[in-house]
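File shown: query_36.cif. Contents: mmCIF, N, CA, C and O atoms.
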```cif
data_final
#
loop_
_atom_site.label_atom_id
_atom_site.label_comp_id
_atom_site.auth_asym_id
_atom_site.auth_seq_id
_atom_site.Cartn_x
_atom_site.Cartn_y
_atom_site.Cartn_z
N MET Q 1 -29.51 9.88 -34.26
CA MET Q 1 -29.22 11.25 -33.90
C MET Q 1 -30.18 12.21 -34.57
O MET Q 1 -30.43 13.28 -34.06
N GLU Q 2 -30.70 11.81 -35.70
CA GLU Q 2 -31.63 12.69 -36.41
C GLU Q 2 -33.01 12.70 -35.77
O GLU Q 2 -33.76 13.65 -35.93
N ASN Q 3 -33.36 11.62 -35.06
CA ASN Q 3 -34.72 11.49 -34.54
C ASN Q 3 -34.83 11.73 -33.05
O ASN Q 3 -35.94 11.78 -32.53
N LEU Q 4 -33.70 11.86 -32.35
CA LEU Q 4 -33.72 12.05 -30.91
C LEU Q 4 -33.01 13.34 -30.54
O LEU Q 4 -32.10 13.77 -31.23
N THR Q 5 -33.43 13.94 -29.43
CA THR Q 5 -32.85 15.20 -28.98
C THR Q 5 -32.29 15.02 -27.57
O THR Q 5 -32.97 14.50 -26.70
N TYR Q 6 -31.05 15.46 -27.38
CA TYR Q 6 -30.45 15.44 -26.04
C TYR Q 6 -31.05 16.58 -25.24
O TYR Q 6 -31.05 17.72 -25.66
N SER Q 7 -31.59 16.24 -24.07
CA SER Q 7 -32.20 17.25 -23.21
C SER Q 7 -31.99 16.87 -21.76
O SER Q 7 -32.18 15.72 -21.38
N THR Q 8 -31.60 17.84 -20.95
CA THR Q 8 -31.46 17.59 -19.53
C THR Q 8 -32.80 17.69 -18.81
O THR Q 8 -32.89 17.37 -17.63
N THR Q 9 -33.84 18.10 -19.52
CA THR Q 9 -35.18 18.19 -18.93
C THR Q 9 -36.21 17.54 -19.87
O THR Q 9 -37.05 18.24 -20.45
N PRO Q 10 -36.14 16.21 -20.03
CA PRO Q 10 -37.05 15.56 -20.97
C PRO Q 10 -38.46 15.36 -20.47
O PRO Q 10 -39.33 14.94 -21.21
N GLY Q 11 -38.71 15.68 -19.21
CA GLY Q 11 -40.03 15.45 -18.64
C GLY Q 11 -40.10 14.09 -17.97
O GLY Q 11 -39.19 13.29 -18.06
N ARG Q 12 -41.20 13.83 -17.32
CA ARG Q 12 -41.37 12.58 -16.59
C ARG Q 12 -41.95 11.51 -17.49
O ARG Q 12 -42.78 11.77 -18.35
N THR Q 13 -41.52 10.27 -17.22
CA THR Q 13 -42.12 9.12 -17.89
C THR Q 13 -43.37 8.75 -17.11
O THR Q 13 -43.32 8.65 -15.88
N PRO Q 14 -44.50 8.55 -17.77
CA PRO Q 14 -45.72 8.19 -17.06
C PRO Q 14 -45.53 6.91 -16.24
O PRO Q 14 -44.78 6.02 -16.60
N PHE Q 15 -46.22 6.83 -15.11
CA PHE Q 15 -46.14 5.70 -14.20
C PHE Q 15 -46.48 4.40 -14.94
O PHE Q 15 -47.39 4.37 -15.77
N ASN Q 16 -45.73 3.36 -14.67
CA ASN Q 16 -45.91 2.03 -15.26
C ASN Q 16 -45.60 1.97 -16.75
O ASN Q 16 -46.06 1.06 -17.44
N GLU Q 17 -44.85 2.92 -17.26
CA GLU Q 17 -44.40 2.86 -18.66
C GLU Q 17 -42.90 2.65 -18.69
O GLU Q 17 -42.18 3.13 -17.82
N ASP Q 18 -42.43 1.94 -19.70
CA ASP Q 18 -41.01 1.67 -19.84
C ASP Q 18 -40.27 2.95 -20.24
O ASP Q 18 -40.65 3.61 -21.22
N ILE Q 19 -39.23 3.28 -19.51
CA ILE Q 19 -38.49 4.52 -19.75
C ILE Q 19 -37.84 4.53 -21.14
O ILE Q 19 -37.93 5.52 -21.87
N VAL Q 20 -37.22 3.41 -21.52
CA VAL Q 20 -36.54 3.36 -22.82
C VAL Q 20 -37.55 3.43 -23.96
O VAL Q 20 -37.35 4.13 -24.94
N GLU Q 21 -38.64 2.70 -23.82
CA GLU Q 21 -39.67 2.72 -24.87
C GLU Q 21 -40.26 4.12 -25.03
O GLU Q 21 -40.44 4.61 -26.15
N THR Q 22 -40.53 4.78 -23.92
CA THR Q 22 -41.06 6.14 -23.97
C THR Q 22 -40.05 7.09 -24.63
O THR Q 22 -40.40 7.92 -25.45
N PHE Q 23 -38.77 6.93 -24.27
CA PHE Q 23 -37.71 7.76 -24.85
C PHE Q 23 -37.61 7.55 -26.36
O PHE Q 23 -37.59 8.52 -27.14
N LEU Q 24 -37.57 6.30 -26.79
CA LEU Q 24 -37.36 6.01 -28.21
C LEU Q 24 -38.57 6.30 -29.10
O LEU Q 24 -38.40 6.74 -30.24
N PHE Q 25 -39.76 6.08 -28.59
CA PHE Q 25 -40.94 6.13 -29.46
C PHE Q 25 -41.93 7.26 -29.18
O PHE Q 25 -42.78 7.54 -30.01
N GLU Q 26 -41.82 7.91 -28.02
CA GLU Q 26 -42.79 8.95 -27.71
C GLU Q 26 -42.14 10.33 -27.53
O GLU Q 26 -42.31 11.19 -28.39
N THR Q 27 -41.40 10.51 -26.44
CA THR Q 27 -40.85 11.84 -26.18
C THR Q 27 -39.70 12.19 -27.10
O THR Q 27 -39.53 13.35 -27.47
N LYS Q 28 -38.87 11.18 -27.43
CA LYS Q 28 -37.69 11.36 -28.29
C LYS Q 28 -36.74 12.41 -27.74
O LYS Q 28 -36.00 13.04 -28.46
N GLN Q 29 -36.78 12.59 -26.41
CA GLN Q 29 -35.89 13.51 -25.71
C GLN Q 29 -35.33 12.79 -24.50
O GLN Q 29 -36.07 12.10 -23.80
N GLY Q 30 -34.04 12.97 -24.24
CA GLY Q 30 -33.46 12.34 -23.07
C GLY Q 30 -32.03 12.76 -22.86
O GLY Q 30 -31.46 13.51 -23.64
N TYR Q 31 -31.45 12.25 -21.77
CA TYR Q 31 -30.06 12.55 -21.45
C TYR Q 31 -29.27 11.26 -21.42
O TYR Q 31 -29.77 10.21 -21.83
N CYS Q 32 -28.03 11.31 -20.93
CA CYS Q 32 -27.09 10.20 -21.04
C CYS Q 32 -27.66 8.87 -20.58
O CYS Q 32 -27.44 7.84 -21.22
N GLN Q 33 -28.41 8.85 -19.50
CA GLN Q 33 -28.96 7.59 -19.00
C GLN Q 33 -29.99 6.99 -19.96
O GLN Q 33 -30.07 5.78 -20.12
N HIS Q 34 -30.75 7.82 -20.62
CA HIS Q 34 -31.71 7.34 -21.61
C HIS Q 34 -30.99 6.72 -22.81
O HIS Q 34 -31.34 5.64 -23.27
N TYR Q 35 -29.97 7.43 -23.29
CA TYR Q 35 -29.21 6.93 -24.45
C TYR Q 35 -28.49 5.63 -24.10
O TYR Q 35 -28.48 4.68 -24.89
N ALA Q 36 -27.87 5.57 -22.92
CA ALA Q 36 -27.14 4.36 -22.53
C ALA Q 36 -28.08 3.17 -22.36
O ALA Q 36 -27.77 2.06 -22.80
N SER Q 37 -29.22 3.39 -21.75
CA SER Q 37 -30.19 2.31 -21.58
C SER Q 37 -30.72 1.81 -22.91
O SER Q 37 -30.89 0.61 -23.12
N ALA Q 38 -30.97 2.73 -23.82
CA ALA Q 38 -31.45 2.34 -25.15
C ALA Q 38 -30.37 1.57 -25.90
O ALA Q 38 -30.66 0.58 -26.59
N ALA Q 39 -29.10 1.97 -25.74
CA ALA Q 39 -28.00 1.25 -26.40
C ALA Q 39 -27.90 -0.17 -25.89
O ALA Q 39 -27.73 -1.12 -26.67
N VAL Q 40 -28.02 -0.36 -24.58
CA VAL Q 40 -27.97 -1.71 -24.00
C VAL Q 40 -29.08 -2.57 -24.58
O VAL Q 40 -28.86 -3.72 -24.97
N LEU Q 41 -30.28 -2.04 -24.65
CA LEU Q 41 -31.40 -2.78 -25.22
C LEU Q 41 -31.12 -3.19 -26.66
O LEU Q 41 -31.32 -4.35 -27.04
N MET Q 42 -30.63 -2.26 -27.46
CA MET Q 42 -30.37 -2.56 -28.87
C MET Q 42 -29.23 -3.56 -29.04
O MET Q 42 -29.30 -4.45 -29.87
N TYR Q 43 -28.16 -3.42 -28.25
CA TYR Q 43 -27.07 -4.39 -28.31
C TYR Q 43 -27.57 -5.79 -27.99
O TYR Q 43 -27.24 -6.76 -28.67
N ARG Q 44 -28.37 -5.90 -26.94
CA ARG Q 44 -28.90 -7.21 -26.57
C ARG Q 44 -29.80 -7.79 -27.65
O ARG Q 44 -29.80 -9.00 -27.87
N LEU Q 45 -30.56 -6.95 -28.31
CA LEU Q 45 -31.43 -7.43 -29.39
C LEU Q 45 -30.61 -8.04 -30.53
O LEU Q 45 -31.06 -8.94 -31.21
N PHE Q 46 -29.39 -7.54 -30.72
CA PHE Q 46 -28.50 -8.06 -31.75
C PHE Q 46 -27.58 -9.15 -31.23
O PHE Q 46 -26.66 -9.58 -31.91
N GLY Q 47 -27.82 -9.60 -30.00
CA GLY Q 47 -27.04 -10.70 -29.44
C GLY Q 47 -25.69 -10.30 -28.89
O GLY Q 47 -24.85 -11.16 -28.63
N ILE Q 48 -25.48 -9.02 -28.70
CA ILE Q 48 -24.22 -8.54 -28.14
C ILE Q 48 -24.40 -8.41 -26.63
O ILE Q 48 -25.20 -7.59 -26.17
N PRO Q 49 -23.66 -9.20 -25.84
CA PRO Q 49 -23.81 -9.09 -24.39
C PRO Q 49 -23.33 -7.74 -23.88
O PRO Q 49 -22.28 -7.25 -24.29
N CYS Q 50 -24.10 -7.12 -23.04
CA CYS Q 50 -23.70 -5.84 -22.46
C CYS Q 50 -24.52 -5.57 -21.22
O CYS Q 50 -25.53 -6.23 -20.97
N ARG Q 51 -24.06 -4.61 -20.44
CA ARG Q 51 -24.82 -4.18 -19.27
C ARG Q 51 -24.57 -2.70 -19.06
O ARG Q 51 -23.58 -2.15 -19.49
N TYR Q 52 -25.50 -2.10 -18.36
CA TYR Q 52 -25.40 -0.68 -18.04
C TYR Q 52 -25.08 -0.58 -16.55
O TYR Q 52 -25.80 -1.10 -15.72
N ALA Q 53 -23.98 0.06 -16.24
CA ALA Q 53 -23.56 0.23 -14.86
C ALA Q 53 -23.41 1.72 -14.57
O ALA Q 53 -23.02 2.49 -15.43
N THR Q 54 -23.74 2.09 -13.36
CA THR Q 54 -23.63 3.48 -12.96
C THR Q 54 -23.08 3.55 -11.55
O THR Q 54 -23.17 2.59 -10.79
N GLY Q 55 -22.51 4.66 -11.21
CA GLY Q 55 -21.98 4.83 -9.87
C GLY Q 55 -20.91 5.90 -9.83
O GLY Q 55 -20.74 6.65 -10.79
N TYR Q 56 -20.20 5.92 -8.74
CA TYR Q 56 -19.17 6.92 -8.53
C TYR Q 56 -17.88 6.22 -8.11
O TYR Q 56 -17.91 5.18 -7.47
N VAL Q 57 -16.77 6.82 -8.43
CA VAL Q 57 -15.48 6.31 -8.00
C VAL Q 57 -15.00 7.21 -6.86
O VAL Q 57 -14.95 8.43 -7.01
N VAL Q 58 -14.68 6.59 -5.75
CA VAL Q 58 -14.14 7.33 -4.61
C VAL Q 58 -12.77 6.75 -4.32
O VAL Q 58 -12.63 5.56 -4.06
N MET Q 59 -11.78 7.58 -4.37
CA MET Q 59 -10.40 7.16 -4.14
C MET Q 59 -10.10 7.21 -2.65
O MET Q 59 -10.66 8.04 -1.92
N PRO Q 60 -9.21 6.34 -2.16
CA PRO Q 60 -8.86 6.35 -0.74
C PRO Q 60 -8.38 7.71 -0.25
O PRO Q 60 -8.64 8.10 0.89
N ASP Q 61 -7.73 8.47 -1.11
CA ASP Q 61 -7.25 9.80 -0.71
C ASP Q 61 -8.39 10.80 -0.48
O ASP Q 61 -8.17 11.86 0.11
N ASP Q 62 -9.59 10.47 -0.95
CA ASP Q 62 -10.74 11.36 -0.77
C ASP Q 62 -11.28 11.33 0.65
O ASP Q 62 -12.06 12.19 1.04
N TYR Q 63 -10.91 10.33 1.43
CA TYR Q 63 -11.39 10.19 2.80
C TYR Q 63 -10.51 10.99 3.74
O TYR Q 63 -9.29 11.01 3.63
N VAL Q 64 -11.14 11.61 4.72
CA VAL Q 64 -10.43 12.36 5.74
C VAL Q 64 -10.85 11.79 7.09
O VAL Q 64 -12.04 11.63 7.37
N GLN Q 65 -9.88 11.48 7.93
CA GLN Q 65 -10.18 10.91 9.24
C GLN Q 65 -10.68 12.03 10.16
O GLN Q 65 -10.08 13.11 10.25
N ASN Q 66 -11.81 11.76 10.84
CA ASN Q 66 -12.36 12.78 11.74
C ASN Q 66 -11.83 12.57 13.15
O ASN Q 66 -11.02 11.68 13.42
N GLU Q 67 -12.31 13.37 14.09
CA GLU Q 67 -11.83 13.34 15.48
C GLU Q 67 -12.07 11.98 16.13
O GLU Q 67 -11.33 11.57 17.03
N GLU Q 68 -13.13 11.29 15.75
CA GLU Q 68 -13.48 10.01 16.35
C GLU Q 68 -12.70 8.85 15.74
O GLU Q 68 -12.86 7.72 16.13
N GLY Q 69 -11.87 9.12 14.77
CA GLY Q 69 -11.08 8.09 14.14
C GLY Q 69 -11.75 7.41 12.95
O GLY Q 69 -11.28 6.43 12.41
N ARG Q 70 -12.87 7.92 12.55
CA ARG Q 70 -13.58 7.35 11.40
C ARG Q 70 -13.12 8.00 10.12
O ARG Q 70 -12.76 9.11 10.04
#
```
So that I can check it, write out the structure of this file as structure tokens.
Amino acid sequence: MENLTYSTTPGRTPFNEDIVETFLFETKQGYCQHYASAAVLMYRLFGIPCRYATGYVVMPDDYVQNEEGR
């Protein structure tokens, strides 16, 4: 926490460079996805199985049937 800064505008990672490596060692700025990806990498380095998953939850009640029945 002392060496990294949370930022919603950390800038672009140069093409063909690892996003986590750039976050941890160069820009030292990032948002939730940068922190989560870095955590997964560090957990795996210590032999702790983990994965990073992302997505959205859509509940059945969120759907509305249209005129065509879809």
Residues selected by the PyMOL selection byres ((chain Q and resi 30) around 4.5), written as a count of residues only: 6
Just list as a short mmCIF file (atom, residue, chain, number, x, y, z; two decimals) with N, CA, C and O atoms, keeping the file's coordinate frame whatever in region 2-64 of chain Q DSSP marks as strand (DSSP E or B).
```
data_model
loop_
_atom_site.label_atom_id
_atom_site.label_comp_id
_atom_site.auth_asym_id
_atom_site.auth_seq_id
_atom_site.Cartn_x
_atom_site.Cartn_y
_atom_site.Cartn_z
N THR Q 5 -33.43 13.94 -29.43
CA THR Q 5 -32.85 15.20 -28.98
C THR Q 5 -32.29 15.02 -27.57
O THR Q 5 -32.97 14.50 -26.70
N TYR Q 6 -31.05 15.46 -27.38
CA TYR Q 6 -30.45 15.44 -26.04
C TYR Q 6 -31.05 16.58 -25.24
O TYR Q 6 -31.05 17.72 -25.66
N GLN Q 29 -36.78 12.59 -26.41
CA GLN Q 29 -35.89 13.51 -25.71
C GLN Q 29 -35.33 12.79 -24.50
O GLN Q 29 -36.07 12.10 -23.80
N GLY Q 30 -34.04 12.97 -24.24
CA GLY Q 30 -33.46 12.34 -23.07
C GLY Q 30 -32.03 12.76 -22.86
O GLY Q 30 -31.46 13.51 -23.64
#
```
Near Ser37 (chain Q), counting only N, CA, C and O atoms, which residues have an atom at most 8 Å away, once you skip same-chain residues fewer than 4 positions from it, shown as a ChimeraX atom specification? /Q:19-20,31-33,41-44,51-52
Could you tell me how far CA of Ala38 (chain Q) lies from CA of Val58 (chain Q), in Å and to one decimal?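 Here the two named atoms are 27.3 Å from each other.
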Write down as a PyMOL selection string the residues of chain Q whose backbone DSSP state falls under helix (DSSP H, G or I). chain Q and resi 19-27+32-45+60-62
Quick one: pull the distance between atom C of Glu17 (chain Q) and CA of Leu4 (chain Q), Å, one decimal.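 Distance reported for this atom pair: 17.9 Å.
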Find the distance between CA of Pro10 (chain Q) and CA of Ala39 (chain Q) and write it in Å to one decimal. 17.8 Å
Kindly indicate which residue among Q:Gly69, Q:Thr27, Q:Val40, Q:Glu2 lies nearest to Pro14 (chain Q), using only C-alpha atoms for the distances.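 Using only C-alpha atoms, Pro14 (chain Q) sits closest to Q:Thr27.
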How would region 15-26 of chain Q read, as a short mmCIF file (atom, residue, chain, number, x, y, z; two decimals), keeping the file's coordinate frame, once all heavy atoms are built in?
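Writing done, so here's selection_18.cif:
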```
data_model
loop_
_atom_site.label_atom_id
_atom_site.label_comp_id
_atom_site.auth_asym_id
_atom_site.auth_seq_id
_atom_site.Cartn_x
_atom_site.Cartn_y
_atom_site.Cartn_z
N PHE Q 15 -46.22 6.83 -15.11
CA PHE Q 15 -46.14 5.70 -14.20
C PHE Q 15 -46.48 4.40 -14.94
O PHE Q 15 -47.39 4.37 -15.77
CB PHE Q 15 -47.12 5.92 -13.04
CG PHE Q 15 -47.03 4.87 -11.98
CD1 PHE Q 15 -45.92 4.81 -11.15
CD2 PHE Q 15 -48.05 3.96 -11.82
CE1 PHE Q 15 -45.83 3.84 -10.17
CE2 PHE Q 15 -47.97 2.98 -10.84
CZ PHE Q 15 -46.85 2.92 -10.01
N ASN Q 16 -45.73 3.36 -14.67
CA ASN Q 16 -45.91 2.03 -15.26
C ASN Q 16 -45.60 1.97 -16.75
O ASN Q 16 -46.06 1.06 -17.44
CB ASN Q 16 -47.32 1.48 -15.01
CG ASN Q 16 -47.49 0.98 -13.59
OD1 ASN Q 16 -46.52 0.66 -12.91
ND2 ASN Q 16 -48.71 0.93 -13.12
N GLU Q 17 -44.85 2.92 -17.26
CA GLU Q 17 -44.40 2.86 -18.66
C GLU Q 17 -42.90 2.65 -18.69
O GLU Q 17 -42.18 3.13 -17.82
CB GLU Q 17 -44.79 4.13 -19.42
CG GLU Q 17 -46.27 4.20 -19.73
CD GLU Q 17 -46.58 5.22 -20.80
OE1 GLU Q 17 -45.69 5.54 -21.62
OE2 GLU Q 17 -47.71 5.69 -20.81
N ASP Q 18 -42.43 1.94 -19.70
CA ASP Q 18 -41.01 1.67 -19.84
C ASP Q 18 -40.27 2.95 -20.24
O ASP Q 18 -40.65 3.61 -21.22
CB ASP Q 18 -40.79 0.58 -20.88
CG ASP Q 18 -39.34 0.19 -20.99
OD1 ASP Q 18 -38.90 -0.63 -20.17
OD2 ASP Q 18 -38.66 0.72 -21.89
N ILE Q 19 -39.23 3.28 -19.51
CA ILE Q 19 -38.49 4.52 -19.75
C ILE Q 19 -37.84 4.53 -21.14
O ILE Q 19 -37.93 5.52 -21.87
CB ILE Q 19 -37.44 4.74 -18.65
CG1 ILE Q 19 -38.14 5.01 -17.33
CG2 ILE Q 19 -36.50 5.88 -19.00
CD1 ILE Q 19 -37.23 5.01 -16.13
N VAL Q 20 -37.22 3.41 -21.52
CA VAL Q 20 -36.54 3.36 -22.82
C VAL Q 20 -37.55 3.43 -23.96
O VAL Q 20 -37.35 4.13 -24.94
CB VAL Q 20 -35.67 2.09 -22.92
CG1 VAL Q 20 -35.05 1.98 -24.31
CG2 VAL Q 20 -34.59 2.10 -21.85
N GLU Q 21 -38.64 2.70 -23.82
CA GLU Q 21 -39.67 2.72 -24.87
C GLU Q 21 -40.26 4.12 -25.03
O GLU Q 21 -40.44 4.61 -26.15
CB GLU Q 21 -40.77 1.73 -24.50
CG GLU Q 21 -41.78 1.51 -25.60
CD GLU Q 21 -42.76 0.42 -25.23
OE1 GLU Q 21 -42.32 -0.67 -24.84
OE2 GLU Q 21 -43.97 0.68 -25.35
N THR Q 22 -40.53 4.78 -23.92
CA THR Q 22 -41.06 6.14 -23.97
C THR Q 22 -40.05 7.09 -24.63
O THR Q 22 -40.40 7.92 -25.45
CB THR Q 22 -41.41 6.64 -22.55
OG1 THR Q 22 -42.36 5.75 -21.98
CG2 THR Q 22 -41.98 8.03 -22.58
N PHE Q 23 -38.77 6.93 -24.27
CA PHE Q 23 -37.71 7.76 -24.85
C PHE Q 23 -37.61 7.55 -26.36
O PHE Q 23 -37.59 8.52 -27.14
CB PHE Q 23 -36.38 7.42 -24.16
CG PHE Q 23 -35.16 7.91 -24.88
CD1 PHE Q 23 -34.93 9.25 -25.11
CD2 PHE Q 23 -34.20 7.01 -25.31
CE1 PHE Q 23 -33.79 9.69 -25.75
CE2 PHE Q 23 -33.05 7.45 -25.96
CZ PHE Q 23 -32.85 8.79 -26.19
N LEU Q 24 -37.57 6.30 -26.79
CA LEU Q 24 -37.36 6.01 -28.21
C LEU Q 24 -38.57 6.30 -29.10
O LEU Q 24 -38.40 6.74 -30.24
CB LEU Q 24 -36.96 4.54 -28.39
CG LEU Q 24 -35.58 4.15 -27.89
CD1 LEU Q 24 -35.39 2.64 -28.01
CD2 LEU Q 24 -34.50 4.89 -28.65
N PHE Q 25 -39.76 6.08 -28.59
CA PHE Q 25 -40.94 6.13 -29.46
C PHE Q 25 -41.93 7.26 -29.18
O PHE Q 25 -42.78 7.54 -30.01
CB PHE Q 25 -41.68 4.80 -29.41
CG PHE Q 25 -40.81 3.64 -29.79
CD1 PHE Q 25 -40.48 2.66 -28.88
CD2 PHE Q 25 -40.29 3.53 -31.07
CE1 PHE Q 25 -39.66 1.59 -29.22
CE2 PHE Q 25 -39.48 2.48 -31.44
CZ PHE Q 25 -39.16 1.50 -30.50
N GLU Q 26 -41.82 7.91 -28.02
CA GLU Q 26 -42.79 8.95 -27.71
C GLU Q 26 -42.14 10.33 -27.53
O GLU Q 26 -42.31 11.19 -28.39
CB GLU Q 26 -43.59 8.56 -26.47
CG GLU Q 26 -44.50 7.35 -26.72
CD GLU Q 26 -45.27 6.94 -25.50
OE1 GLU Q 26 -45.54 7.80 -24.63
OE2 GLU Q 26 -45.63 5.75 -25.40
#
```
